[in-house]
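See structure below.
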Amino acid sequence: MRILLILFFIYNSINLMAEDLYFPPKINDNWQTLSLESIDWDSSQLNQLFDFLDSKNTKAFIVLKKGKIVIEKYFDSFTKDSNWYWASAGKTLTSNLIGIAQSEGLLDINDKSSKYLGKNWTSLNDEKEDLISIKNQITMTSGLDDKVENSDCTEKTCLVYKSDAGTRWAYHNAPYTLLDKVIESATGRNLNTYFSEKIKSKIGMNGLWAKLDYNNVYFSTPRSMARYGLLMLAEGKWDGNTIISDMTYFNDMKSTSQNLNKSYGFLWWLNGKESYMIPQVQFVFKGMLFPDAPSDVFAALGKNGQCLSISPSTGLVVVRMGDAPGSTIEDVSTEFNNEIWKRLNKVMKVNSIEYDEEISSDFQIIPNPSNEFIKIQNAENMDITFFDAIGLQVLNIKNYNGELIDIDNLASGVYTISIGNKLKQFVKI
């Protein structure tokens, strides 16, 4: 039962707090490892996990236990020295830089964004623009319209009014990207320099920020992402040295930041909450974001399945880098991250704990994409609801009987299907 799973993670949390974390040296890659047998994990389940990751176009997969490498696997010609993009997982790097700049007295997250971006950085009038603060930018509550032609566009003509700041949650890249200019304006240093000074050089990361169209994207090796995850697991400390000193900000960063999307912090995705929202959909879904992961997981997620998950209760850091896993989810891979945890649980022998059937069922939409009929496997006797790209309910089926569903009347596009406490993405062609 779920209560047993929660107790399992609480028990492991107590054990973690009683033991020191291991930190790899900053000057080389001599990283200590742990065998699966030494922590009573099931090595016979590894091939199933690797087959799944390989089938989903994974380049690199790393699992740390209290800082030591337990699993490290690379696919095709990718190696531990290969570099890959973080996509939106890099948003969390920016969040920490904002916190560090605030601790240095260089900015305050409650400041108006215009203090650093200048007046008329949007197309809004002064009254509405002045409502937008740095905090709105790091919580995705700017109120700017995310449905413009190019939601990455940071030009003022693309930054148009949708609602007052703080009244609407929407995953919107442009206001986030402009945080880089906020950091540069407040610190007087460019993004790469400031990041290297405050985080990268202090924990032995490699990598850099690169400008791709409107976006600033971080590239690094998988082990560098793992180092960053370990820094988060250690609550901003690295081998006795404090990297992130403002613990109030650090804790707020990985806690619910507003009442609209309870599973979103300061650019971090949060598990264990009663409800969540996802990109592109204006609808609040009930349940946890990653139902098969520990409830205390907080995650950095990016396009094409870039995943960094941290679980303080289990002492785990999980890294996945790679190409698109074949999902229709374009922005953040919330569902894919859960699928990874589901298979990792078998390695950790967590699958011996009974999950609620509603949560553990592996729903499959067949065929996907489709233009006439679909069938949903393992969803019998459940309520099924279809939502369009803006979150409007377009179809509801009570007590689904397993028969074909006629979707001929639906317009072409991407739909989110709610099945119990889980979501699936479906494409109507």
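Every chain in the structure tokens takes a letter, A first, then B, and so on in the order presented; its residues are numbered from 1, and the ligands are numbered from 1 following the presented order.
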What lies within 9 Å of Pro325 in chain A using only C-alpha atoms, ignoring chain neighbours under 3 positions off, as a list in words?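 Skipping anything fewer than 3 positions along the chain leaves Leu53, Ser55, Lys56, Asn57, Thr58, Asn304, Gly305, Gly322, Thr328 and Phe336 of chain A.
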Mind dumping a table of every range 10-124 of chain A residue within 9 Å of range 186-194 of chain A, with the nearest atom pair and its distance in Å to one decimal, using only C-alpha atoms, sorted by chain and rising number, as JSON lines?
```
{"residue": "A:Leu97", "atom": "CA", "partner": "A:Tyr194", "partner_atom": "CA", "distance": 8.1}
{"residue": "A:Ala101", "atom": "CA", "partner": "A:Thr187", "partner_atom": "CA", "distance": 7.1}
{"residue": "A:Leu106", "atom": "CA", "partner": "A:Ala186", "partner_atom": "CA", "distance": 5.6}
{"residue": "A:Leu107", "atom": "CA", "partner": "A:Ala186", "partner_atom": "CA", "distance": 6.2}
{"residue": "A:Tyr116", "atom": "CA", "partner": "A:Ala186", "partner_atom": "CA", "distance": 6.7}
```
Writer output for current selection, N, CA and C atoms, as a compact mmCIF listing (two decimals), in the first residue's frame:
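result_36.txt, written as the output of this step:
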```txt
# COMPACT_ATOMS: atom_id res chain seq x y z
N LEU A 97 21.41 30.68 -9.19
CA LEU A 97 22.16 31.92 -9.37
C LEU A 97 21.37 33.12 -8.85
N ALA A 101 22.76 35.55 -5.95
CA ALA A 101 22.83 37.01 -6.14
C ALA A 101 22.03 37.73 -5.06
N LEU A 106 22.66 41.72 -4.18
CA LEU A 106 22.69 42.31 -5.52
C LEU A 106 21.31 42.45 -6.12
N LEU A 107 20.35 41.72 -5.60
CA LEU A 107 18.97 41.81 -6.05
C LEU A 107 18.06 41.26 -4.97
N TYR A 116 15.87 45.81 -13.52
CA TYR A 116 17.05 45.21 -14.13
C TYR A 116 16.95 45.11 -15.65
```
May I ask which of the residues A:Ile71, A:Ala411, A:Ala293, A:Ala299 is the closest one to Trp341 in chain A, counting only C-alpha atoms?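 Smallest separation from Trp341 in chain A among the options: A:Ala293.
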Residue among A:Leu392, A:Leu410, A:Met277, A:Glu72 lying closest to Leu423 in chain A, counting only C-alpha atoms: A:Met277
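Interatomic distance, CA of Arg168 in chain A to CA of Leu144 in chain A: 9.0 Å.
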Between CA of Ile183 in chain A and CA of Met253 in chain A, distance in Å (one decimal): 16.7 Å
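When DSSP is run on the backbone, the residues of range 229-286 of chain A that fall into strand (DSSP E) are Lys237, Trp238, Asn241, Thr242, Trp269, Leu270, Ser275, Tyr276, Phe285 and Lys286 of chain A.
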Atom-to-atom span, CA of Lys26 in chain A and CA of Leu301 in chain A, Å: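 For CA of Lys26 in chain A relative to CA of Leu301 in chain A, the distance reads 25.1 Å.
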Shell of 7 Å around Asn271 in chain A, only C-alpha atoms, local chain residues under 4 positions omitted, as a list in words: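 Residues near the query, excluding close chain neighbours: Ser263, Met288, Leu289, Phe290, Ser295, Asp296, Val297 and Phe298 of chain A.
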Next, write the just-selected residues to a file, as an mmCIF file, in the first residue's frame, keeping C-alpha atoms as the atom set.
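Full text of selection-v9.cif as output:
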```
data_model
loop_
_atom_site.group_PDB
_atom_site.id
_atom_site.type_symbol
_atom_site.label_atom_id
_atom_site.label_comp_id
_atom_site.auth_asym_id
_atom_site.auth_seq_id
_atom_site.Cartn_x
_atom_site.Cartn_y
_atom_site.Cartn_z
ATOM 1 C CA SER A 263 4.091 20.999 -7.986
ATOM 2 C CA MET A 288 1.432 13.451 -7.585
ATOM 3 C CA LEU A 289 3.563 14.457 -10.526
ATOM 4 C CA PHE A 290 5.666 11.260 -10.373
ATOM 5 C CA SER A 295 7.292 11.692 -2.657
ATOM 6 C CA ASP A 296 10.159 14.049 -1.775
ATOM 7 C CA VAL A 297 11.706 14.059 -5.268
ATOM 8 C CA PHE A 298 12.418 17.458 -6.771
#
```
Using only C-alpha atoms, determine which residues lie at most 10 Å from Lys346 in chain A, disregarding the query and same-chain residues fewer than 2 positions distant; provide the list as a list in words. Trp41, Asp42, Ser43, Ser44, Gln45, Leu46, Gln48, Leu49, Trp341, Lys342, Arg343, Leu344, Met348, Lys349, Val350, Asn351 and Ser352 of chain A
Identify all residues of range 145-393 of chain A in helix (DSSP H, G or I) (DSSP on the backbone) and supply them as a VMD selection string. chain A and resid 156 to 158 173 to 177 179 to 187 191 to 203 222 to 233 247 to 253 334 to 348 350 to 352 357 to 360
